[in-house]
>>> print(open('my_file36.cif').read())   # mmCIF, C-alpha atoms and all ligand atoms
data_protein
loop_
_atom_site.label_atom_id
_atom_site.label_comp_id
_atom_site.auth_asym_id
_atom_site.auth_seq_id
_atom_site.Cartn_x
_atom_site.Cartn_y
_atom_site.Cartn_z
CA MET A 1 -124.52 -21.15 23.61
CA ALA A 2 -125.96 -19.43 26.70
CA ARG A 3 -123.26 -17.47 28.49
CA THR A 4 -122.68 -16.58 32.11
CA ILE A 5 -121.94 -12.85 32.18
CA ILE A 6 -119.51 -11.89 34.94
CA ARG A 7 -119.81 -8.23 35.87
CA PHE A 8 -116.36 -6.78 36.57
CA GLY A 9 -115.13 -3.70 38.34
CA VAL A 10 -111.61 -2.50 37.52
CA ILE A 11 -109.60 -0.75 40.23
CA GLY A 12 -106.54 0.89 38.68
CA CYS A 13 -107.13 2.07 35.10
CA GLY A 14 -103.47 2.27 34.04
CA LEU A 15 -101.41 0.00 31.80
CA MET A 16 -102.81 -3.32 33.02
CA GLY A 17 -106.37 -2.12 33.56
CA LYS A 18 -106.44 -1.23 29.86
CA GLU A 19 -104.98 -4.62 28.90
CA PHE A 20 -107.95 -6.26 30.61
CA ALA A 21 -110.38 -3.95 28.79
CA SER A 22 -108.73 -4.92 25.51
CA ALA A 23 -108.99 -8.65 26.31
CA ALA A 24 -112.65 -8.30 27.30
CA ALA A 25 -113.37 -6.42 24.06
CA ARG A 26 -111.80 -9.29 22.08
CA TRP A 27 -113.84 -12.05 23.76
CA CYS A 28 -115.28 -13.05 20.36
CA HIS A 29 -111.77 -14.37 19.65
CA LEU A 30 -112.53 -17.31 21.96
CA THR A 31 -114.56 -20.31 20.85
CA GLY A 32 -116.51 -22.78 22.97
CA VAL A 33 -116.64 -20.63 26.11
CA ASP A 34 -119.90 -20.17 28.00
CA PHE A 35 -118.71 -17.29 30.19
CA GLU A 36 -117.81 -13.69 29.43
CA PRO A 37 -116.53 -10.71 31.46
CA ARG A 38 -118.36 -7.41 31.22
CA ILE A 39 -116.66 -4.33 32.69
CA THR A 40 -119.49 -2.38 34.29
CA ALA A 41 -117.61 -0.17 36.76
CA VAL A 42 -114.14 1.32 37.04
CA CYS A 43 -112.20 3.24 39.66
CA ASP A 44 -109.02 5.25 39.51
CA ALA A 45 -107.75 7.94 41.86
CA ASN A 46 -106.74 9.83 38.72
CA GLU A 47 -109.84 10.74 36.70
CA ALA A 48 -107.80 11.10 33.49
CA ALA A 49 -107.06 7.36 33.69
CA SER A 50 -110.71 6.33 34.07
CA GLN A 51 -111.68 8.72 31.24
CA TRP A 52 -110.05 6.25 28.82
CA PHE A 53 -112.61 3.65 29.95
CA ARG A 54 -115.49 6.14 29.48
CA ASP A 55 -114.21 6.74 25.95
CA HIS A 56 -113.49 3.14 24.93
CA VAL A 57 -115.56 0.68 26.98
CA PRO A 58 -119.29 1.10 26.28
CA SER A 59 -120.33 -1.40 28.98
CA VAL A 60 -119.01 0.90 31.77
CA GLU A 61 -121.96 2.26 33.73
CA ALA A 62 -120.26 3.64 36.82
CA VAL A 63 -116.98 5.51 37.32
CA TYR A 64 -115.57 6.03 40.82
CA THR A 65 -112.55 7.76 42.32
CA ASP A 66 -112.87 5.96 45.67
CA TYR A 67 -112.55 2.16 45.41
CA LYS A 68 -114.81 1.69 48.47
CA SER A 69 -117.72 3.15 46.46
CA LEU A 70 -117.02 0.60 43.74
CA LEU A 71 -116.99 -2.20 46.34
CA ALA A 72 -120.44 -1.06 47.53
CA ASP A 73 -121.78 -1.41 43.96
CA SER A 74 -124.04 -4.49 44.00
CA ALA A 75 -123.90 -4.65 40.18
CA VAL A 76 -120.29 -5.86 40.38
CA ASP A 77 -119.46 -9.57 40.89
CA ALA A 78 -115.68 -9.57 40.57
CA ILE A 79 -112.75 -7.19 40.58
CA TYR A 80 -109.53 -6.79 38.65
CA CYS A 81 -107.15 -4.74 40.78
CA ALA A 82 -104.01 -3.30 39.16
CA VAL A 83 -102.58 -0.60 41.44
CA PRO A 84 -99.09 0.19 42.80
CA HIS A 85 -97.74 -2.39 45.24
CA GLN A 86 -98.06 -0.38 48.49
CA LEU A 87 -101.84 -0.41 47.98
CA HIS A 88 -102.26 -4.16 47.39
CA ALA A 89 -102.81 -5.27 51.00
CA GLN A 90 -105.45 -2.68 51.95
CA ILE A 91 -107.40 -2.79 48.70
CA TYR A 92 -107.21 -6.58 48.19
CA VAL A 93 -108.35 -7.22 51.78
CA ASP A 94 -111.26 -4.79 51.35
CA ILE A 95 -112.25 -6.46 48.07
CA ILE A 96 -112.26 -9.90 49.69
CA GLU A 97 -114.14 -8.63 52.75
CA ALA A 98 -116.75 -7.14 50.38
CA GLY A 99 -117.31 -10.66 49.01
CA LYS A 100 -116.13 -9.87 45.47
CA HIS A 101 -114.00 -12.35 43.54
CA LEU A 102 -110.54 -10.98 42.76
CA LEU A 103 -107.88 -11.27 40.12
CA GLY A 104 -105.14 -9.26 41.79
CA GLU A 105 -101.87 -8.18 40.30
CA LYS A 106 -98.53 -9.45 41.49
CA PRO A 107 -96.64 -9.34 43.76
CA PHE A 108 -99.77 -9.65 45.95
CA GLY A 109 -98.57 -7.31 48.67
CA ILE A 110 -95.54 -5.03 48.81
CA ASP A 111 -93.76 -7.40 51.21
CA GLN A 112 -94.31 -10.61 53.13
CA ALA A 113 -96.25 -8.94 55.98
CA ALA A 114 -98.66 -7.39 53.45
CA ASN A 115 -98.99 -10.71 51.68
CA ARG A 116 -99.95 -12.39 54.98
CA LEU A 117 -102.75 -9.85 55.52
CA ILE A 118 -104.15 -10.78 52.10
CA GLN A 119 -103.77 -14.49 52.85
CA ASP A 120 -105.58 -14.05 56.20
CA ALA A 121 -108.52 -12.38 54.44
CA ILE A 122 -108.65 -15.25 51.93
CA ASP A 123 -108.68 -17.75 54.81
CA ARG A 124 -111.63 -15.87 56.38
CA HIS A 125 -113.55 -15.90 53.06
CA PRO A 126 -113.17 -19.27 51.33
CA GLU A 127 -116.29 -18.47 49.29
CA VAL A 128 -114.38 -15.78 47.37
CA ILE A 129 -112.19 -16.89 44.44
CA VAL A 130 -108.86 -15.09 44.49
CA ARG A 131 -106.13 -15.51 41.87
CA CYS A 132 -102.93 -13.72 40.93
CA SER A 133 -102.30 -12.38 37.45
CA SER A 134 -99.53 -14.20 35.54
CA GLU A 135 -100.04 -14.67 31.82
CA PHE A 136 -96.84 -16.10 30.31
CA PRO A 137 -97.58 -19.76 31.13
CA PHE A 138 -100.52 -19.43 28.73
CA PHE A 139 -98.21 -19.21 25.69
CA PRO A 140 -98.64 -22.46 23.72
CA GLY A 141 -94.91 -23.24 24.12
CA ALA A 142 -95.16 -22.85 27.90
CA GLN A 143 -98.32 -24.98 27.95
CA GLN A 144 -96.38 -27.68 26.08
CA ILE A 145 -93.62 -27.56 28.72
CA TYR A 146 -96.32 -27.83 31.41
CA ARG A 147 -97.71 -30.98 29.76
CA TRP A 148 -94.23 -32.50 29.42
CA VAL A 149 -93.57 -31.95 33.12
CA GLN A 150 -96.96 -33.54 33.98
CA GLU A 151 -95.98 -36.51 31.81
CA ARG A 152 -92.66 -36.77 33.72
CA LYS A 153 -90.74 -36.88 30.46
CA PHE A 154 -87.51 -35.35 31.70
CA GLY A 155 -86.10 -38.32 33.63
CA ARG A 156 -83.81 -37.07 36.33
CA ILE A 157 -83.86 -33.27 36.19
CA ILE A 158 -80.32 -31.95 35.81
CA GLU A 159 -81.12 -28.27 36.22
CA VAL A 160 -83.77 -25.63 35.60
CA GLU A 161 -83.34 -22.06 34.49
CA ALA A 162 -86.18 -19.54 34.35
CA GLY A 163 -86.20 -15.80 33.88
CA PHE A 164 -87.95 -12.64 32.88
CA TRP A 165 -85.80 -9.94 31.32
CA HIS A 166 -86.41 -6.32 30.31
CA SER A 167 -84.04 -3.68 28.99
CA SER A 168 -85.75 -0.27 28.80
CA ASP A 169 -84.08 0.76 32.09
CA LEU A 170 -80.67 0.52 30.37
CA ASP A 171 -81.49 4.07 29.20
CA PRO A 172 -80.33 6.34 32.09
CA THR A 173 -82.47 9.19 30.69
CA LYS A 174 -85.70 7.21 31.28
CA PRO A 175 -87.56 9.17 33.97
CA ILE A 176 -88.33 7.69 37.38
CA ASN A 177 -91.79 6.23 38.05
CA TRP A 178 -93.41 4.43 40.99
CA LYS A 179 -91.82 1.13 39.94
CA ARG A 180 -88.33 2.49 40.83
CA ARG A 181 -89.17 3.70 44.36
CA ILE A 182 -89.12 1.55 47.48
CA ALA A 183 -92.19 3.27 48.99
CA THR A 184 -94.42 2.23 46.08
CA ASN A 185 -92.71 -0.79 44.54
CA GLY A 186 -91.18 -2.29 47.66
CA GLU A 187 -87.78 -3.47 48.81
CA TYR A 188 -88.03 -6.50 46.49
CA GLY A 189 -87.47 -4.18 43.49
CA CYS A 190 -87.27 -6.19 40.27
CA MET A 191 -88.21 -9.39 42.13
CA GLY A 192 -91.59 -7.96 43.15
CA ASP A 193 -92.10 -6.63 39.65
CA LEU A 194 -91.03 -9.63 37.61
CA GLY A 195 -90.57 -12.55 39.99
CA MET A 196 -94.09 -14.01 40.10
CA HIS A 197 -93.92 -14.49 36.35
CA VAL A 198 -90.69 -16.46 36.77
CA LEU A 199 -91.98 -18.54 39.68
CA HIS A 200 -95.47 -19.40 38.45
CA LEU A 201 -94.51 -22.61 36.63
CA PRO A 202 -91.83 -23.78 39.11
CA MET A 203 -94.34 -23.33 41.98
CA ARG A 204 -97.07 -25.10 39.98
CA PHE A 205 -94.64 -28.00 39.48
CA GLY A 206 -93.90 -28.11 43.22
CA TRP A 207 -90.24 -27.15 42.71
CA ARG A 208 -89.81 -25.32 45.99
CA PRO A 209 -86.32 -24.10 46.80
CA ARG A 210 -84.90 -25.41 50.04
CA SER A 211 -82.32 -22.62 49.96
CA VAL A 212 -81.45 -19.50 47.99
CA ARG A 213 -78.29 -17.53 47.34
CA ALA A 214 -79.12 -14.19 45.76
CA LEU A 215 -77.09 -11.54 43.96
CA LEU A 216 -79.02 -8.28 43.58
CA SER A 217 -77.69 -5.39 41.47
CA GLN A 218 -78.43 -1.71 41.44
CA ILE A 219 -77.07 -0.47 38.12
CA VAL A 220 -78.54 3.00 37.49
CA PRO A 221 -78.38 4.91 40.81
CA GLU A 222 -80.40 7.96 39.81
CA ARG A 223 -82.90 9.01 37.18
CA PRO A 224 -84.51 12.20 35.87
CA ASP A 225 -87.51 13.23 37.96
CA GLY A 226 -89.35 14.58 34.91
CA GLN A 227 -89.07 18.17 36.23
CA GLY A 228 -85.49 18.96 35.28
CA GLY A 229 -83.81 17.36 38.32
CA THR A 230 -82.63 13.89 39.28
CA VAL A 231 -83.74 11.60 42.10
CA PRO A 232 -82.32 8.37 43.54
CA CYS A 233 -83.46 5.23 41.77
CA GLU A 234 -83.83 3.08 44.86
CA THR A 235 -84.93 -0.36 43.73
CA TRP A 236 -82.92 -3.42 42.68
CA ASP A 237 -82.53 -3.52 38.91
CA ASN A 238 -81.48 -7.14 38.49
CA ALA A 239 -81.67 -10.30 40.59
CA ILE A 240 -80.04 -13.69 40.17
CA LEU A 241 -81.26 -16.39 42.55
CA ALA A 242 -79.40 -19.68 42.76
CA CYS A 243 -81.82 -22.12 44.38
CA GLU A 244 -81.62 -25.71 45.53
CA ALA A 245 -84.97 -27.15 44.43
CA HIS A 246 -86.44 -30.22 46.06
CA THR A 247 -89.36 -32.35 44.98
CA GLU A 248 -90.64 -35.62 46.47
CA ASP A 249 -87.99 -37.61 44.62
CA GLN A 250 -85.59 -35.13 43.06
CA GLN A 251 -83.13 -32.42 43.96
CA PHE A 252 -81.61 -30.05 41.39
CA PRO A 253 -80.22 -26.54 40.93
CA MET A 254 -82.72 -23.91 39.79
CA LEU A 255 -81.39 -20.57 38.55
CA LEU A 256 -83.99 -17.79 38.54
CA SER A 257 -83.32 -14.35 37.12
CA MET A 258 -85.36 -11.16 37.03
CA LYS A 259 -83.74 -8.31 35.15
CA ARG A 260 -84.85 -4.81 34.35
CA ILE A 261 -81.51 -4.21 32.62
CA ALA A 262 -80.79 -7.07 30.22
CA PRO A 263 -79.51 -5.45 27.01
CA GLY A 264 -81.54 -6.47 23.99
CA HIS A 265 -84.49 -7.98 25.84
CA ALA A 266 -87.84 -6.21 25.59
CA ASN A 267 -90.10 -8.66 27.43
CA THR A 268 -88.31 -12.00 27.41
CA TRP A 269 -89.82 -14.73 29.58
CA PHE A 270 -88.22 -18.16 29.38
CA ILE A 271 -87.88 -21.54 31.00
CA ARG A 272 -85.27 -24.22 30.28
CA ILE A 273 -85.34 -27.67 31.78
CA ALA A 274 -82.41 -30.05 31.28
CA GLY A 275 -83.06 -33.70 32.08
CA THR A 276 -81.34 -37.04 31.58
CA ALA A 277 -84.16 -38.33 29.32
CA PHE A 278 -85.52 -35.10 27.84
CA SER A 279 -84.67 -31.42 27.76
CA ALA A 280 -86.86 -28.53 26.65
CA GLU A 281 -86.81 -24.79 26.29
CA PHE A 282 -89.37 -22.10 25.57
CA THR A 283 -88.73 -18.38 25.32
CA THR A 284 -91.06 -15.56 24.30
CA LYS A 285 -88.08 -14.28 22.25
CA GLN A 286 -89.10 -16.95 19.74
CA PRO A 287 -92.79 -17.10 20.63
CA LYS A 288 -93.76 -19.71 18.08
CA GLN A 289 -90.85 -22.08 18.64
CA ILE A 290 -90.35 -24.82 21.14
CA ALA A 291 -87.08 -26.69 21.48
CA SER A 292 -86.75 -30.22 22.80
CA LEU A 293 -84.05 -32.82 23.04
CA PRO A 294 -85.08 -36.43 23.69
CA TYR A 295 -82.22 -38.66 24.76
CA SER A 296 -81.71 -42.35 25.30
CA PRO A 297 -78.37 -43.78 26.48
CA GLY A 298 -75.80 -43.78 23.68
CA GLY A 299 -78.20 -41.96 21.34
CA VAL A 300 -77.76 -38.76 19.41
CA GLN A 301 -78.06 -35.49 21.34
CA ALA A 302 -79.89 -33.24 18.89
CA TRP A 303 -82.19 -30.30 19.56
CA HIS A 304 -85.48 -30.36 17.69
CA VAL A 305 -86.77 -26.85 17.10
CA ALA A 306 -90.36 -26.85 15.92
CA ASP A 307 -92.87 -24.10 15.29
CA ALA A 308 -95.47 -24.53 18.01
CA PRO A 309 -98.94 -24.28 16.48
CA TYR A 310 -101.44 -21.77 17.90
CA LYS A 311 -102.74 -24.34 20.32
CA SER A 312 -104.00 -22.43 23.32
CA ALA A 313 -105.69 -23.55 26.54
CA TYR A 314 -109.00 -22.18 25.21
CA GLY A 315 -110.02 -22.50 21.55
CA THR A 316 -109.87 -19.41 19.34
CA VAL A 317 -110.88 -18.28 15.88
CA THR A 318 -107.18 -17.98 15.01
CA GLY A 319 -105.82 -20.57 12.60
CA GLY A 320 -103.24 -23.00 13.97
CA ILE A 321 -100.53 -21.65 11.65
CA PHE A 322 -100.63 -18.12 13.08
CA GLU A 323 -98.46 -16.70 15.87
CA PHE A 324 -99.40 -16.23 19.50
CA GLY A 325 -98.43 -13.02 21.33
CA PHE A 326 -98.61 -11.14 24.65
CA PRO A 327 -102.24 -9.94 24.24
CA ASP A 328 -103.22 -13.54 23.46
CA SER A 329 -101.64 -14.74 26.70
CA ILE A 330 -103.60 -12.07 28.62
CA LEU A 331 -106.83 -13.16 26.92
CA GLN A 332 -106.16 -16.82 27.77
CA MET A 333 -105.40 -15.96 31.41
CA TRP A 334 -108.68 -14.06 31.61
CA ALA A 335 -110.51 -17.01 30.10
CA ALA A 336 -109.03 -19.25 32.82
CA PHE A 337 -110.11 -16.85 35.57
CA CYS A 338 -113.66 -16.43 34.21
CA ASP A 339 -113.88 -20.20 33.61
CA GLU A 340 -113.09 -20.77 37.29
CA LEU A 341 -115.65 -18.14 38.38
CA ALA A 342 -118.29 -19.79 36.18
CA HIS A 343 -117.46 -23.46 36.79
CA GLY A 344 -115.40 -23.71 39.97
CA ASP A 345 -113.38 -26.94 39.97
CA ARG A 346 -115.05 -28.14 36.78
CA MET A 347 -113.11 -25.79 34.50
CA GLN A 348 -113.04 -26.44 30.76
CA GLN A 349 -109.29 -27.08 30.86
CA PRO A 350 -107.00 -27.83 33.82
CA PHE A 351 -104.52 -24.92 33.89
CA ARG A 352 -105.83 -22.36 36.37
CA CYS A 353 -104.43 -18.89 37.10
CA ALA A 354 -101.67 -18.49 39.70
CA THR A 355 -103.00 -19.11 43.19
CA PRO A 356 -102.52 -17.00 46.33
CA GLN A 357 -100.45 -19.89 47.74
CA GLU A 358 -98.11 -19.66 44.75
CA ALA A 359 -97.87 -15.89 45.24
CA GLY A 360 -97.21 -16.48 48.96
CA SER A 361 -94.39 -18.88 48.06
CA SER A 362 -92.83 -16.19 45.87
CA HIS A 363 -92.78 -13.88 48.92
CA GLN A 364 -90.93 -16.49 50.96
CA ILE A 365 -88.31 -16.78 48.23
CA PHE A 366 -87.92 -12.99 47.72
CA THR A 367 -87.67 -12.39 51.47
CA ALA A 368 -84.95 -15.04 51.73
CA ALA A 369 -83.23 -13.51 48.67
CA LEU A 370 -83.08 -10.08 50.36
CA GLU A 371 -81.50 -11.66 53.43
CA SER A 372 -79.05 -13.61 51.29
CA ASN A 373 -77.95 -10.50 49.43
CA ARG A 374 -77.64 -8.55 52.71
CA THR A 375 -75.58 -11.18 54.51
CA GLY A 376 -73.75 -12.79 51.61
CA ARG A 377 -75.01 -16.18 52.84
CA THR A 378 -77.14 -18.96 51.44
CA ILE A 379 -80.52 -18.78 53.22
CA SER A 380 -82.59 -21.86 54.02
CA ILE A 381 -86.33 -21.65 53.45
CA ASP A 382 -88.61 -23.42 55.91
CA TRP A 383 -91.78 -24.29 53.98
CA ARG A 384 -93.59 -25.39 57.15
CA SER A 385 -93.97 -21.77 58.32
N1 LIG A 401 -99.17 -9.01 34.63
C1 LIG A 401 -98.31 -8.21 34.04
O1 LIG A 401 -97.73 -8.55 33.02
C2 LIG A 401 -98.06 -6.85 34.61
C3 LIG A 401 -97.41 -5.87 33.85
C4 LIG A 401 -97.24 -4.59 34.43
C5 LIG A 401 -97.67 -4.33 35.71
N2 LIG A 401 -98.29 -5.32 36.43
C6 LIG A 401 -98.77 -5.07 37.80
O2 LIG A 401 -100.01 -4.35 37.71
C7 LIG A 401 -100.13 -3.44 38.80
C8 LIG A 401 -100.32 -2.04 38.24
O3 LIG A 401 -99.28 -1.77 37.34
P1 LIG A 401 -99.51 -0.84 36.05
O4 LIG A 401 -98.31 -1.04 35.19
O5 LIG A 401 -100.86 -1.05 35.48
O6 LIG A 401 -99.42 0.59 36.75
P2 LIG A 401 -99.96 1.99 36.24
O7 LIG A 401 -99.17 2.99 36.99
O8 LIG A 401 -99.99 2.06 34.75
O9 LIG A 401 -101.48 1.99 36.74
C9 LIG A 401 -101.82 2.01 38.11
C10 LIG A 401 -103.09 2.84 38.24
O10 LIG A 401 -103.52 2.78 39.61
C11 LIG A 401 -104.09 4.04 39.90
N3 LIG A 401 -104.21 4.23 41.33
C12 LIG A 401 -103.24 4.61 42.22
N4 LIG A 401 -103.76 4.69 43.46
C13 LIG A 401 -105.07 4.34 43.36
C14 LIG A 401 -106.13 4.22 44.30
N5 LIG A 401 -105.95 4.48 45.61
N6 LIG A 401 -107.36 3.86 43.85
C15 LIG A 401 -107.56 3.61 42.53
N7 LIG A 401 -106.58 3.70 41.61
C16 LIG A 401 -105.37 4.05 42.01
C17 LIG A 401 -103.16 5.03 39.22
O11 LIG A 401 -103.75 6.31 39.07
C18 LIG A 401 -102.90 4.33 37.90
O12 LIG A 401 -103.81 4.73 36.89
C19 LIG A 401 -98.89 -3.63 39.64
O13 LIG A 401 -99.17 -4.54 40.67
C20 LIG A 401 -97.87 -4.23 38.68
O14 LIG A 401 -96.89 -5.04 39.32
C21 LIG A 401 -98.50 -6.56 35.89
#
>>> encode(input="my_file36.cif", output="structure tokens")
Amino acid sequence: MARTIIRFGVIGCGLMGKEFASAAARWCHLTGVDFEPRITAVCDANEAASQWFRDHVPSVEAVYTDYKSLLADSAVDAIYCAVPHQLHAQIYVDIIEAGKHLLGEKPFGIDQAANRLIQDAIDRHPEVIVRCSSEFPFFPGAQQIYRWVQERKFGRIIEVEAGFWHSSDLDPTKPINWKRRIATNGEYGCMGDLGMHVLHLPMRFGWRPRSVRALLSQIVPERPDGQGGTVPCETWDNAILACEAHTEDQQFPMLLSMKRIAPGHANTWFIRIAGTAFSAEFTTKQPKQIASLPYSPGGVQAWHVADAPYKSAYGTVTGGIFEFGFPDSILQMWAAFCDELAHGDRMQQPFRCATPQEAGSSHQIFTAALESNRTGRTISIDWRS
């Protein structure tokens, strides 16, 4: 099958930049795709980070320390940008202005003002395809939940709970990094870090909160600075958002949680939907299981827990009996982005990556959550603005 090769530049060669390189190197895992990313250029302000790409990614032809040089490289069609949050607005806007397609990392701007600058650039350049990284909805169990929502199986929705929980910050001896400082991670704290993952499916379903009451916690006030001293750990560790979700014909409570300190949880993403006709739950804690509870009046209320087969959005060489994991979800997300670059609206399957509008909605919710926590009040969200 002839393939469209998409030449990528990577800006930010840290944790997530390497995850993309790993997904691109494993492209042979996918079947039936007629598009493929090729990382031809990379940029990191820290040369030690880009050295990893020199050592491991043979397709890399150019290495830059200034992202503007990479943007001037005509041998690059699209960019993956994975840099600290205070840099999102400037670099994303420059990428879009340079006419390069962009998969940007969440939260898509350190705050709502930064997010608006990115949105304005997108509005000026509709020819550029811009999407926000969010991989968990590509787990087969999450894809099943997506299909069940599309099929309107749940009846009247009773309530929704979604979350993303980590626990490594429970260790007070873990040194500080940019993700624990307001200047680099933003005032949103754990919401900016984890919240887009939690909101991707609810926003895709159109479950916009009309109001939010937030409880934000700062649990570990200071951390080692890595040089023998301690420094303040400024960002919110955990967030619980009680939302009143509204759709065209339904209204229900939606509890969203983003936790950096959830004992026992390494990287747990989950969604639970309770409905009068059907309930369902998927959690990456049990990545191959999906739970569902069909109900008809007077009938038995019994959870069915089934092993979800390896049934991904894009076909793979993996047998259906094997398990799906985090790197698989990254690979599937990348397939969706490259599919959209290659085919536009005629993608091979319908689930596209998170959109800038969905990322913008997350900013409205986090901004309201900060106000709620500050004032102790429930904050209304006006979706017309
Ligand atoms: N999708 C996910 O699951 C996921 C997971 C972790 C992080 N992220 C997001 O990815 C982004 C990066 O996070 P990370 O964990 O990879 O961080 P990281 O610290 O591992 O990597 C960031 C890299 O950016 C580089 N950098 C800093 N300033 C730069 C500049 N001006 N020009 C070029 N490079 C520069 C740093 O040197 C570093 O190598 C953030 O937006 C974060 O929220 C997403």
>>> closest_residue(input="my_file36.cif", among="A:His101, A:Pro209, A:Ala2, A:Trp165", to="Asp382 in chain A", atoms="all atoms listed in the file")
A:Pro209
>>> residues_near_ligand(input="my_file36.cif", ligand="ligand LIG 401 (chain A)", cutoff="7 Å", atoms="only C-alpha atoms and all ligand atoms", output="list of chain:residue names")
A:Ile11, A:Gly12, A:Cys13, A:Gly14, A:Leu15, A:Met16, A:Gly17, A:Cys43, A:Asp44, A:Ala45, A:Asn46, A:Ala49, A:Thr65, A:Asp66, A:Tyr67, A:Ala82, A:Val83, A:Pro84, A:His85, A:Leu87, A:Glu105, A:Lys106, A:Pro107, A:Ser133, A:Ser134, A:Glu135, A:Asp193
>>> atom_distance(input="my_file36.cif", atom1="CA of Thr40 in chain A", atom2="CA of Ala62 in chain A")
6.6 Å
>>> residues_around(input="my_file36.cif", residues="range 240-243 of chain A", least_positions_apart="2", cutoff="8 Å", atoms="all atoms listed in the file", output="list of chain:residue names")
A:Pro209, A:Arg210, A:Ser211, A:Val212, A:Arg213, A:Ala214, A:Leu215, A:Leu216, A:Asn238, A:Ala245, A:Pro253, A:Met254, A:Leu255, A:Leu256, A:Ser257, A:Met258, A:Ala369
>>> closest_atom_pairs(input="my_file36.cif", of="range 243-351 of chain A", to="range 139-142 of chain A", cutoff="8 Å", atoms="only C-alpha atoms", output="CSV")
residue,atom,partner,partner_atom,distance
A:Phe282,CA,A:Gly141,CA,5.8
A:Thr283,CA,A:Gly141,CA,8.0
A:Pro287,CA,A:Gly141,CA,7.4
A:Lys288,CA,A:Gly141,CA,7.1
A:Gln289,CA,A:Gly141,CA,6.9
A:Ile290,CA,A:Gly141,CA,5.7
A:Ala308,CA,A:Gly141,CA,6.3
A:Pro309,CA,A:Pro140,CA,7.5
A:Tyr310,CA,A:Pro140,CA,6.5
A:Lys311,CA,A:Pro140,CA,5.6
A:Ser312,CA,A:Pro140,CA,5.4
A:Ala313,CA,A:Pro140,CA,7.7
A:Phe324,CA,A:Phe139,CA,7.0
A:Gly325,CA,A:Phe139,CA,7.6
A:Asp328,CA,A:Phe139,CA,7.9
A:Ser329,CA,A:Phe139,CA,5.7
>>> atom_distance(input="my_file36.cif", atom1="CA of Ile6 in chain A", atom2="CA of Pro37 in chain A")
4.7 Å
>>> atom_distance(input="my_file36.cif", atom1="CA of Tyr188 in chain A", atom2="CA of Tyr146 in chain A")
27.4 Å
>>> residues_around(input="my_file36.cif", residues="Cys233 in chain A", least_positions_apart="4", cutoff="9 Å", atoms="all atoms listed in the file", output="number ranges by chain")
A: 176, 180-182, 218, 220-223
>>> residues_around(input="my_file36.cif", residues="Ala23 in chain A", least_positions_apart="2", cutoff="12 Å", atoms="only C-alpha atoms", output="list in words")
Met16, Gly17, Lys18, Glu19, Phe20, Ala21, Ala25, Arg26, Trp27, Cys28, His29, Leu30, Glu36, Pro37, Arg38, Ile39, Val57, Phe326, Pro327, Asp328, Ser329, Ile330, Leu331, Gln332, Met333, Trp334 and Ala335 of chain A
>>> closest_residue(input="my_file36.cif", among="A:Gly155, A:Pro202, A:Gly320, A:Pro356", to="Ala277 in chain A", atoms="only C-alpha atoms")
A:Gly155
>>> axis_aligned_box(input="my_file36.cif", around="range 111-121 of chain A", padding_each_side="8 Å", output="lines of an AutoDock Vina configuration file")
center_x = -101.1
center_y = -10.9
center_z = 53.7
size_x = 30.8
size_y = 23.1
size_z = 21.0
>>> closest_residue(input="my_file36.cif", among="A:Ala239, A:Ile365, A:Val128, A:Val305", to="Ser279 in chain A", atoms="all atoms listed in the file")
A:Val305
>>> residues_around(input="my_file36.cif", residues="Leu293 in chain A", least_positions_apart="6", cutoff="9 Å", atoms="all atoms listed in the file", output="list of chain:residue names")
A:Ala274, A:Ala277, A:Phe278, A:Ser279, A:Ala280, A:Gln301, A:Ala302, A:Trp303, A:His304, A:Val305
>>> closest_residue(input="my_file36.cif", among="A:Val60, A:Met203, A:Ala72, A:Cys190", to="Ser167 in chain A", atoms="all atoms listed in the file")
A:Cys190
>>> closest_residue(input="my_file36.cif", among="A:His246, A:Lys259, A:Arg352, A:Arg272", to="Arg131 in chain A", atoms="all atoms listed in the file")
A:Arg352
>>> closest_residue(input="my_file36.cif", among="A:Thr230, A:Trp52, A:Gln251, A:Arg156", to="Ser22 in chain A", atoms="all atoms listed in the file")
A:Trp52
